[in-house]
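File shown: data00.cif. Contents: mmCIF, C-alpha atoms.
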data_work
loop_
_atom_site.group_PDB
_atom_site.id
_atom_site.type_symbol
_atom_site.label_atom_id
_atom_site.label_comp_id
_atom_site.auth_asym_id
_atom_site.auth_seq_id
_atom_site.Cartn_x
_atom_site.Cartn_y
_atom_site.Cartn_z
ATOM 1 C CA MET A 1 -36.369 -8.460 -17.500
ATOM 2 C CA ASP A 2 -35.659 -4.867 -16.517
ATOM 3 C CA ILE A 3 -33.308 -4.579 -13.523
ATOM 4 C CA LEU A 4 -32.605 -1.313 -11.684
ATOM 5 C CA VAL A 5 -29.444 -0.540 -9.714
ATOM 6 C CA THR A 6 -28.347 2.717 -8.075
ATOM 7 C CA ILE A 7 -24.736 2.955 -6.900
ATOM 8 C CA ASP A 8 -21.700 5.189 -6.692
ATOM 9 C CA ALA A 9 -18.218 4.242 -7.918
ATOM 10 C CA ASN A 10 -17.304 2.581 -4.596
ATOM 11 C CA TYR A 11 -19.781 -0.229 -5.251
ATOM 12 C CA MET A 12 -18.708 -1.129 -8.792
ATOM 13 C CA HIS A 13 -17.000 -4.361 -7.695
ATOM 14 C CA PRO A 14 -19.893 -5.798 -5.632
ATOM 15 C CA LEU A 15 -22.300 -4.705 -8.372
ATOM 16 C CA LYS A 16 -20.423 -6.843 -10.888
ATOM 17 C CA VAL A 17 -20.501 -9.802 -8.492
ATOM 18 C CA MET A 18 -24.254 -9.373 -8.047
ATOM 19 C CA LEU A 19 -24.849 -9.065 -11.770
ATOM 20 C CA GLY A 20 -22.601 -12.040 -12.492
ATOM 21 C CA SER A 21 -24.643 -14.163 -10.091
ATOM 22 C CA LEU A 22 -27.854 -12.879 -11.708
ATOM 23 C CA PHE A 23 -26.729 -13.891 -15.189
ATOM 24 C CA CYS A 24 -25.318 -17.240 -14.061
ATOM 25 C CA SER A 25 -28.470 -18.234 -12.160
ATOM 26 C CA ASN A 26 -30.903 -17.214 -14.922
ATOM 27 C CA PRO A 27 -29.769 -19.002 -18.086
ATOM 28 C CA GLY A 28 -31.980 -18.243 -21.045
ATOM 29 C CA GLU A 29 -33.159 -14.902 -19.657
ATOM 30 C CA ARG A 30 -32.206 -11.582 -21.189
ATOM 31 C CA PHE A 31 -31.773 -8.600 -18.906
ATOM 32 C CA ARG A 32 -31.758 -4.848 -19.379
ATOM 33 C CA ILE A 33 -29.679 -3.332 -16.578
ATOM 34 C CA HIS A 34 -30.607 0.271 -15.768
ATOM 35 C CA LEU A 35 -28.123 2.256 -13.660
ATOM 36 C CA LEU A 36 -29.119 5.529 -11.991
ATOM 37 C CA HIS A 37 -26.089 7.437 -10.723
ATOM 38 C CA ALA A 38 -24.726 10.895 -10.011
ATOM 39 C CA ASP A 39 -21.068 10.975 -10.955
ATOM 40 C CA ILE A 40 -19.571 7.627 -12.004
ATOM 41 C CA ALA A 41 -16.658 8.170 -14.394
ATOM 42 C CA GLU A 42 -17.152 7.387 -18.065
ATOM 43 C CA ALA A 43 -14.342 4.810 -17.971
ATOM 44 C CA ASP A 44 -16.081 2.919 -15.166
ATOM 45 C CA LEU A 45 -19.388 3.051 -17.027
ATOM 46 C CA ALA A 46 -17.713 1.720 -20.165
ATOM 47 C CA GLY A 47 -16.180 -1.129 -18.180
ATOM 48 C CA LEU A 48 -19.533 -2.013 -16.664
ATOM 49 C CA GLY A 49 -21.198 -1.842 -20.060
ATOM 50 C CA SER A 50 -18.609 -4.240 -21.464
ATOM 51 C CA PHE A 51 -19.056 -6.625 -18.523
ATOM 52 C CA ILE A 52 -22.807 -6.739 -19.169
ATOM 53 C CA GLY A 53 -22.632 -6.780 -22.970
ATOM 54 C CA GLU A 54 -20.078 -9.592 -23.121
ATOM 55 C CA ARG A 55 -22.565 -11.757 -21.229
ATOM 56 C CA GLY A 56 -25.345 -11.072 -23.703
ATOM 57 C CA HIS A 57 -27.340 -8.444 -21.841
ATOM 58 C CA GLU A 58 -28.171 -4.756 -22.337
ATOM 59 C CA PHE A 59 -26.970 -1.790 -20.313
ATOM 60 C CA ALA A 60 -28.314 1.731 -19.969
ATOM 61 C CA SER A 61 -26.975 4.400 -17.610
ATOM 62 C CA TYR A 62 -28.676 7.612 -16.567
ATOM 63 C CA ARG A 63 -26.682 10.420 -15.006
ATOM 64 C CA VAL A 64 -28.916 12.303 -12.571
ATOM 65 C CA GLY A 65 -27.906 15.839 -11.664
ATOM 66 C CA ASP A 66 -28.863 17.651 -8.451
ATOM 67 C CA GLU A 67 -31.206 19.827 -10.457
ATOM 68 C CA ALA A 68 -33.434 16.792 -11.111
ATOM 69 C CA PHE A 69 -34.902 17.162 -7.630
ATOM 70 C CA GLY A 70 -34.652 20.913 -7.244
ATOM 71 C CA ASP A 71 -35.069 21.788 -3.577
ATOM 72 C CA ALA A 72 -35.394 18.193 -2.339
ATOM 73 C CA PRO A 73 -34.043 18.004 1.236
ATOM 74 C CA VAL A 74 -31.006 15.880 2.142
ATOM 75 C CA LEU A 75 -29.976 14.306 5.433
ATOM 76 C CA LEU A 76 -26.527 14.226 7.038
ATOM 77 C CA HIS A 77 -24.274 12.107 4.770
ATOM 78 C CA TYR A 78 -27.167 11.037 2.520
ATOM 79 C CA THR A 79 -27.198 12.845 -0.813
ATOM 80 C CA LYS A 80 -30.039 13.283 -3.263
ATOM 81 C CA ALA A 81 -29.132 9.854 -4.597
ATOM 82 C CA MET A 82 -31.336 8.474 -1.806
ATOM 83 C CA TYR A 83 -34.321 9.482 -3.946
ATOM 84 C CA TYR A 84 -33.281 7.556 -7.047
ATOM 85 C CA ARG A 85 -35.143 4.322 -6.435
ATOM 86 C CA LEU A 86 -38.118 6.205 -4.962
ATOM 87 C CA LEU A 87 -38.478 8.321 -8.093
ATOM 88 C CA ALA A 88 -37.371 5.757 -10.668
ATOM 89 C CA PHE A 89 -40.774 6.155 -12.312
ATOM 90 C CA LYS A 90 -39.692 9.707 -13.169
ATOM 91 C CA LEU A 91 -36.125 8.886 -14.202
ATOM 92 C CA LEU A 92 -36.540 5.734 -16.290
ATOM 93 C CA PRO A 93 -38.009 5.645 -19.809
ATOM 94 C CA LYS A 94 -41.793 5.874 -19.827
ATOM 95 C CA ASP A 95 -42.205 2.620 -21.756
ATOM 96 C CA ILE A 96 -40.985 0.598 -18.740
ATOM 97 C CA ASP A 97 -43.976 -0.358 -16.585
ATOM 98 C CA ARG A 98 -42.210 -2.592 -14.072
ATOM 99 C CA VAL A 99 -38.636 -2.949 -12.914
ATOM 100 C CA LEU A 100 -36.881 -5.066 -10.280
ATOM 101 C CA TYR A 101 -34.565 -3.060 -8.046
ATOM 102 C CA LEU A 102 -31.631 -4.978 -6.512
ATOM 103 C CA ASP A 103 -29.039 -3.768 -4.013
ATOM 104 C CA PRO A 104 -25.396 -4.524 -4.914
ATOM 105 C CA ASP A 105 -24.858 -6.530 -1.679
ATOM 106 C CA ILE A 106 -26.956 -9.389 -3.067
ATOM 107 C CA LEU A 107 -26.304 -12.780 -4.610
ATOM 108 C CA VAL A 108 -28.881 -14.257 -6.981
ATOM 109 C CA ILE A 109 -28.562 -18.037 -6.705
ATOM 110 C CA ASN A 110 -31.784 -19.270 -8.359
ATOM 111 C CA PRO A 111 -34.091 -18.000 -11.142
ATOM 112 C CA LEU A 112 -35.994 -14.739 -10.712
ATOM 113 C CA ARG A 113 -38.777 -15.272 -13.256
ATOM 114 C CA THR A 114 -41.378 -16.162 -10.600
ATOM 115 C CA LEU A 115 -40.533 -13.008 -8.655
ATOM 116 C CA TYR A 116 -40.463 -10.777 -11.722
ATOM 117 C CA ASP A 117 -43.844 -12.027 -12.944
ATOM 118 C CA THR A 118 -45.544 -11.560 -9.572
ATOM 119 C CA ASP A 119 -48.967 -9.944 -9.962
ATOM 120 C CA ILE A 120 -48.648 -6.451 -8.486
ATOM 121 C CA SER A 121 -51.884 -5.017 -9.855
ATOM 122 C CA GLY A 122 -53.015 -2.349 -7.399
ATOM 123 C CA TYR A 123 -49.664 -2.332 -5.542
ATOM 124 C CA LEU A 124 -46.833 0.181 -5.829
ATOM 125 C CA TYR A 125 -44.227 -2.379 -4.781
ATOM 126 C CA ALA A 126 -43.676 -5.984 -3.880
ATOM 127 C CA ALA A 127 -41.098 -6.454 -1.116
ATOM 128 C CA ALA A 128 -40.186 -8.650 1.838
ATOM 129 C CA TYR A 129 -39.910 -7.780 5.502
ATOM 130 C CA HIS A 130 -37.521 -9.504 7.868
ATOM 131 C CA SER A 131 -39.675 -11.093 10.528
ATOM 132 C CA LEU A 132 -37.538 -10.741 13.653
ATOM 133 C CA ILE A 133 -40.100 -9.391 16.138
ATOM 134 C CA PRO A 134 -37.875 -6.887 18.027
ATOM 135 C CA ALA A 135 -36.767 -5.184 14.795
ATOM 136 C CA LYS A 136 -40.355 -4.983 13.521
ATOM 137 C CA GLU A 137 -41.607 -3.377 16.727
ATOM 138 C CA ILE A 138 -38.751 -0.899 17.009
ATOM 139 C CA ASN A 139 -39.302 0.353 13.476
ATOM 140 C CA ARG A 140 -43.084 0.449 13.878
ATOM 141 C CA LEU A 141 -42.768 2.626 16.983
ATOM 142 C CA ARG A 142 -40.012 4.771 15.494
ATOM 143 C CA LEU A 143 -42.201 5.774 12.541
ATOM 144 C CA LEU A 144 -45.316 6.664 14.513
ATOM 145 C CA PRO A 145 -47.800 8.232 13.817
ATOM 146 C CA TYR A 146 -47.461 6.567 10.397
ATOM 147 C CA GLU A 147 -49.170 3.191 10.583
ATOM 148 C CA ILE A 148 -47.081 0.229 9.454
ATOM 149 C CA ASP A 149 -47.750 -3.426 10.258
ATOM 150 C CA SER A 150 -44.375 -4.607 8.950
ATOM 151 C CA TYR A 151 -41.135 -2.851 8.085
ATOM 152 C CA TYR A 152 -40.203 -3.785 4.520
ATOM 153 C CA ASN A 153 -36.615 -4.050 3.350
ATOM 154 C CA SER A 154 -35.933 -1.840 0.317
ATOM 155 C CA GLY A 155 -32.980 -3.858 -1.004
ATOM 156 C CA VAL A 156 -35.266 -5.920 -3.244
ATOM 157 C CA LEU A 157 -38.207 -4.053 -4.760
ATOM 158 C CA LEU A 158 -40.455 -5.127 -7.584
ATOM 159 C CA MET A 159 -41.743 -1.757 -8.705
ATOM 160 C CA ASN A 160 -45.029 -0.994 -10.450
ATOM 161 C CA LEU A 161 -43.824 2.064 -12.337
ATOM 162 C CA ALA A 162 -47.096 2.529 -14.197
ATOM 163 C CA LEU A 163 -49.087 2.864 -10.963
ATOM 164 C CA GLN A 164 -46.384 4.970 -9.328
ATOM 165 C CA ARG A 165 -46.609 7.480 -12.163
ATOM 166 C CA ALA A 166 -50.308 7.795 -11.435
ATOM 167 C CA LEU A 167 -50.225 7.879 -7.622
ATOM 168 C CA VAL A 168 -46.840 8.968 -6.248
ATOM 169 C CA ASP A 169 -46.295 12.674 -5.612
ATOM 170 C CA GLU A 170 -42.628 13.576 -5.165
ATOM 171 C CA ARG A 171 -43.645 16.639 -3.118
ATOM 172 C CA GLU A 172 -45.191 14.314 -0.531
ATOM 173 C CA ILE A 173 -41.850 12.510 -0.252
ATOM 174 C CA PHE A 174 -39.895 15.744 0.180
ATOM 175 C CA ASP A 175 -42.359 17.034 2.783
ATOM 176 C CA PHE A 176 -42.085 13.772 4.715
ATOM 177 C CA VAL A 177 -38.293 14.107 4.875
ATOM 178 C CA GLU A 178 -38.512 17.725 6.057
ATOM 179 C CA LYS A 179 -40.971 16.864 8.833
ATOM 180 C CA ASN A 180 -39.191 13.726 10.074
ATOM 181 C CA ARG A 181 -35.497 14.521 9.852
ATOM 182 C CA ALA A 182 -34.819 13.530 13.454
ATOM 183 C CA LYS A 183 -36.282 10.024 13.222
ATOM 184 C CA LEU A 184 -35.057 8.850 9.822
ATOM 185 C CA ILE A 185 -32.322 6.222 10.077
ATOM 186 C CA MET A 186 -32.473 4.601 6.634
ATOM 187 C CA PRO A 187 -34.167 7.398 4.701
ATOM 188 C CA ASP A 188 -35.308 5.705 1.496
ATOM 189 C CA GLN A 189 -36.469 2.606 3.362
ATOM 190 C CA ASP A 190 -38.204 4.676 6.035
ATOM 191 C CA ILE A 191 -39.998 6.714 3.359
ATOM 192 C CA ILE A 192 -41.273 3.635 1.520
ATOM 193 C CA ASN A 193 -42.600 2.112 4.727
ATOM 194 C CA ALA A 194 -44.152 5.229 6.225
ATOM 195 C CA LEU A 195 -45.864 6.462 3.081
ATOM 196 C CA TYR A 196 -46.594 3.304 1.104
ATOM 197 C CA ALA A 197 -46.717 0.274 3.427
ATOM 198 C CA LYS A 198 -50.396 -0.299 2.650
ATOM 199 C CA ARG A 199 -49.519 -0.463 -1.058
ATOM 200 C CA ILE A 200 -46.759 -3.079 -0.753
ATOM 201 C CA LYS A 201 -47.355 -6.713 -1.648
ATOM 202 C CA THR A 202 -45.526 -9.043 0.723
ATOM 203 C CA LEU A 203 -42.901 -11.415 -0.651
ATOM 204 C CA ASP A 204 -41.516 -14.444 1.176
ATOM 205 C CA GLU A 205 -38.218 -13.305 2.686
ATOM 206 C CA LYS A 206 -36.854 -16.872 2.718
ATOM 207 C CA LEU A 207 -37.170 -16.978 -1.069
ATOM 208 C CA PHE A 208 -36.628 -13.429 -2.251
ATOM 209 C CA ASN A 209 -34.716 -11.479 0.414
ATOM 210 C CA TYR A 210 -32.921 -13.950 2.657
ATOM 211 C CA ASP A 211 -30.916 -12.095 5.304
ATOM 212 C CA VAL A 212 -27.705 -14.123 5.542
ATOM 213 C CA ARG A 213 -27.084 -13.032 9.140
ATOM 214 C CA TYR A 214 -29.994 -15.166 10.373
ATOM 215 C CA TYR A 215 -29.397 -18.649 9.018
ATOM 216 C CA ARG A 216 -29.906 -20.202 12.466
ATOM 217 C CA TYR A 217 -33.042 -18.134 13.069
ATOM 218 C CA TYR A 218 -34.614 -19.270 9.800
ATOM 219 C CA ARG A 219 -33.887 -22.905 10.652
ATOM 220 C CA LEU A 220 -35.422 -22.579 14.099
ATOM 221 C CA ALA A 221 -38.447 -20.605 12.903
ATOM 222 C CA THR A 222 -39.270 -23.281 10.309
ATOM 223 C CA ASN A 223 -38.552 -26.321 12.512
ATOM 224 C CA GLY A 224 -35.515 -27.146 10.420
ATOM 225 C CA GLU A 225 -37.189 -26.862 7.021
ATOM 226 C CA CYS A 226 -35.175 -23.831 5.944
ATOM 227 C CA ASP A 227 -31.790 -25.549 6.082
ATOM 228 C CA MET A 228 -28.871 -25.218 3.686
ATOM 229 C CA ASP A 229 -30.473 -27.599 1.179
ATOM 230 C CA PHE A 230 -33.603 -25.409 1.165
ATOM 231 C CA VAL A 231 -31.565 -22.246 0.595
ATOM 232 C CA ILE A 232 -29.419 -23.644 -2.199
ATOM 233 C CA GLY A 233 -32.384 -25.305 -3.897
ATOM 234 C CA LYS A 234 -35.165 -22.731 -3.465
ATOM 235 C CA THR A 235 -33.932 -19.319 -2.340
ATOM 236 C CA SER A 236 -33.478 -16.885 -5.211
ATOM 237 C CA ILE A 237 -31.892 -13.934 -3.409
ATOM 238 C CA LEU A 238 -29.338 -13.860 -0.601
ATOM 239 C CA HIS A 239 -28.946 -10.415 0.932
ATOM 240 C CA PHE A 240 -25.799 -9.494 2.863
ATOM 241 C CA CYS A 241 -27.568 -6.935 5.060
ATOM 242 C CA GLY A 242 -25.819 -4.864 7.677
ATOM 243 C CA LYS A 243 -22.471 -3.094 7.859
ATOM 244 C CA ARG A 244 -20.271 -6.172 7.437
ATOM 245 C CA LYS A 245 -19.849 -7.086 3.769
ATOM 246 C CA PRO A 246 -18.365 -10.239 2.217
ATOM 247 C CA TRP A 247 -16.041 -8.365 -0.158
ATOM 248 C CA ASN A 248 -14.184 -6.837 2.811
ATOM 249 C CA LYS A 249 -11.305 -8.553 4.566
ATOM 250 C CA GLY A 250 -12.180 -10.118 7.891
ATOM 251 C CA TYR A 251 -15.777 -10.970 6.986
ATOM 252 C CA ILE A 252 -17.025 -14.181 8.575
ATOM 253 C CA GLY A 253 -20.374 -15.643 7.635
ATOM 254 C CA GLN A 254 -22.333 -18.734 6.667
ATOM 255 C CA PHE A 255 -22.314 -17.847 2.953
ATOM 256 C CA LEU A 256 -18.829 -16.383 2.521
ATOM 257 C CA ALA A 257 -17.568 -19.300 0.410
ATOM 258 C CA LEU A 258 -20.560 -18.970 -1.912
ATOM 259 C CA TYR A 259 -19.906 -15.248 -2.300
ATOM 260 C CA LYS A 260 -16.241 -15.919 -3.082
ATOM 261 C CA HIS A 261 -17.332 -18.412 -5.751
ATOM 262 C CA TYR A 262 -19.429 -15.808 -7.563
ATOM 263 C CA GLU A 263 -16.769 -13.174 -7.008
ATOM 264 C CA ARG A 264 -14.260 -15.403 -8.791
ATOM 265 C CA LEU A 265 -16.675 -15.996 -11.667
ATOM 266 C CA ALA A 266 -17.281 -12.275 -12.050
ATOM 267 C CA SER A 267 -13.543 -11.580 -12.167
ATOM 268 C CA GLY A 268 -13.137 -14.068 -15.019
ATOM 269 C CA ALA A 269 -10.646 -16.135 -13.048
ATOM 270 C CA ALA A 270 -12.744 -19.259 -13.432
ATOM 271 C CA ARG A 271 -12.983 -19.117 -17.229
#
Written form, structure tokens:
Amino acid sequence: MDILVTIDANYMHPLKVMLGSLFCSNPGERFRIHLLHADIAEADLAGLGSFIGERGHEFASYRVGDEAFGDAPVLLHYTKAMYYRLLAFKLLPKDIDRVLYLDPDILVINPLRTLYDTDISGYLYAAAYHSLIPAKEINRLRLLPYEIDSYYNSGVLLMNLALQRALVDEREIFDFVEKNRAKLIMPDQDIINALYAKRIKTLDEKLFNYDVRYYRYYRLATNGECDMDFVIGKTSILHFCGKRKPWNKGYIGQFLALYKHYERLASGAAR
């Protein structure tokens, strides 16, 4: 499986935890990890490559300079790195037709083969949206006049690179950013939803992009079906969305102990 990540040096630790959980939960699979980055030090890249290689997987890094996007506009504290996952079809080798993008604030706790093999013929992406009604409506109204029925989360994206190479125009993306600077809150996610929502195949959030903040909501919405046994047995991806992260001191959450377990495994302390 081809896995895409895009980080800066500050996220090296959570990336290793995520990757460790990916490898642990997918025995028998072989992964190629593709990292798009701007300025991670060679020593850090070597350390990451060793972490991945020692576990039997492949690693490739691609340093992307500002010149790659020419006059692409930026927003506030967002750099041109916000375009990396959007233009992965341009940056990754041309022989890769699909790739699974994963944010570093994720735990993979069950196999990903079913997700990776999802039929995305005719779709640019497969992704999940978080179904809380107020959030959906706020984002739908915020992005008017662009028509979106659901606001997809860009932290887990199965990407049809072959179709993107045929249909996606980077100039359209840059023009969208220029015209909508005032309303963009999460630029890459806003772009994907505004421009490509009709070309996104919907994934089940409870299986493939479970927002750990809403454990009680999921239980209530499913009449108790989506309880802890369901999550541990069936959910593939836990996503620690929001500003509070489990690798920071003071974090409190339903899945903190599970995160600490994978964090310990990634550090090698449990060997």
Please provide the set of residues having any atom within 9 Å of Leu22 in chain A, restricted to all atoms listed in the file, with same-chain residues fewer than 3 positions apart removed, written as a PyMOL selection string. chain A and resi 17-19+25-26+107-112
Starting from the PyMOL selection byres ((chain A and resi 44-51) around 9), expand the selection into actual residues of this file and give them as a PyMOL selection string. chain A and resi 9+12+16+20+40-43+52-55+58-61+266
Can you write just those residues out, C-alpha atoms, as a PDB file, keeping the file's coordinate frame?
ATOM      1  CA  ALA A   9     -18.218   4.242  -7.918  1.00  0.00           C
ATOM      2  CA  MET A  12     -18.708  -1.129  -8.792  1.00  0.00           C
ATOM      3  CA  LYS A  16     -20.423  -6.843 -10.888  1.00  0.00           C
ATOM      4  CA  GLY A  20     -22.601 -12.040 -12.492  1.00  0.00           C
ATOM      5  CA  ILE A  40     -19.571   7.627 -12.004  1.00  0.00           C
ATOM      6  CA  ALA A  41     -16.658   8.170 -14.394  1.00  0.00           C
ATOM      7  CA  GLU A  42     -17.152   7.387 -18.065  1.00  0.00           C
ATOM      8  CA  ALA A  43     -14.342   4.810 -17.971  1.00  0.00           C
ATOM      9  CA  ILE A  52     -22.807  -6.739 -19.169  1.00  0.00           C
ATOM     10  CA  GLY A  53     -22.632  -6.780 -22.970  1.00  0.00           C
ATOM     11  CA  GLU A  54     -20.078  -9.592 -23.121  1.00  0.00           C
ATOM     12  CA  ARG A  55     -22.565 -11.757 -21.229  1.00  0.00           C
ATOM     13  CA  GLU A  58     -28.171  -4.756 -22.337  1.00  0.00           C
ATOM     14  CA  PHE A  59     -26.970  -1.790 -20.313  1.00  0.00           C
ATOM     15  CA  ALA A  60     -28.314   1.731 -19.969  1.00  0.00           C
ATOM     16  CA  SER A  61     -26.975   4.400 -17.610  1.00  0.00           C
ATOM     17  CA  ALA A 266     -17.281 -12.275 -12.050  1.00  0.00           C
TER      18      ALA A 266
END
Polymer residues at most 7 Å from Arg199 in chain A, only C-alpha atoms, same-chain spacing of 6 or more positions, as an mmCIF file with C-alpha atoms, in the coordinates of the input:
data_model
loop_
_atom_site.group_PDB
_atom_site.id
_atom_site.type_symbol
_atom_site.label_atom_id
_atom_site.label_comp_id
_atom_site.auth_asym_id
_atom_site.auth_seq_id
_atom_site.Cartn_x
_atom_site.Cartn_y
_atom_site.Cartn_z
ATOM 1 C CA TYR A 123 -49.664 -2.332 -5.542
ATOM 2 C CA LEU A 124 -46.833 0.181 -5.829
ATOM 3 C CA TYR A 125 -44.227 -2.379 -4.781
#
What would the selection look like, as a PyMOL selection string, if the PyMOL selection byres ((chain A and resi 163) around 10) were run on the coordinates I just shared? chain A and resi 89+97-98+120-125+159-162+164-168
Could the residues in this selection be saved with C-alpha atoms as a compact mmCIF listing (two decimals), in the coordinates of the input?
# COMPACT_ATOMS: atom_id res chain seq x y z
CA PHE A 89 -40.77 6.16 -12.31
CA ASP A 97 -43.98 -0.36 -16.58
CA ARG A 98 -42.21 -2.59 -14.07
CA ILE A 120 -48.65 -6.45 -8.49
CA SER A 121 -51.88 -5.02 -9.86
CA GLY A 122 -53.02 -2.35 -7.40
CA TYR A 123 -49.66 -2.33 -5.54
CA LEU A 124 -46.83 0.18 -5.83
CA TYR A 125 -44.23 -2.38 -4.78
CA MET A 159 -41.74 -1.76 -8.70
CA ASN A 160 -45.03 -0.99 -10.45
CA LEU A 161 -43.82 2.06 -12.34
CA ALA A 162 -47.10 2.53 -14.20
CA GLN A 164 -46.38 4.97 -9.33
CA ARG A 165 -46.61 7.48 -12.16
CA ALA A 166 -50.31 7.80 -11.44
CA LEU A 167 -50.22 7.88 -7.62
CA VAL A 168 -46.84 8.97 -6.25
For CA of Leu92 in chain A and CA of Val5 in chain A, determine how far apart the two atoms are, in Å to one decimal place. 11.5 Å
List the spatial neighbours of Ala126 in chain A as a VMD selection string - criterion: any atom at most 12 Å away, all atoms listed in the file, same-chain residues fewer than 4 positions off excluded. chain A and resid 98 to 101 115 to 122 152 to 161 192 to 193 196 to 205 208 to 209
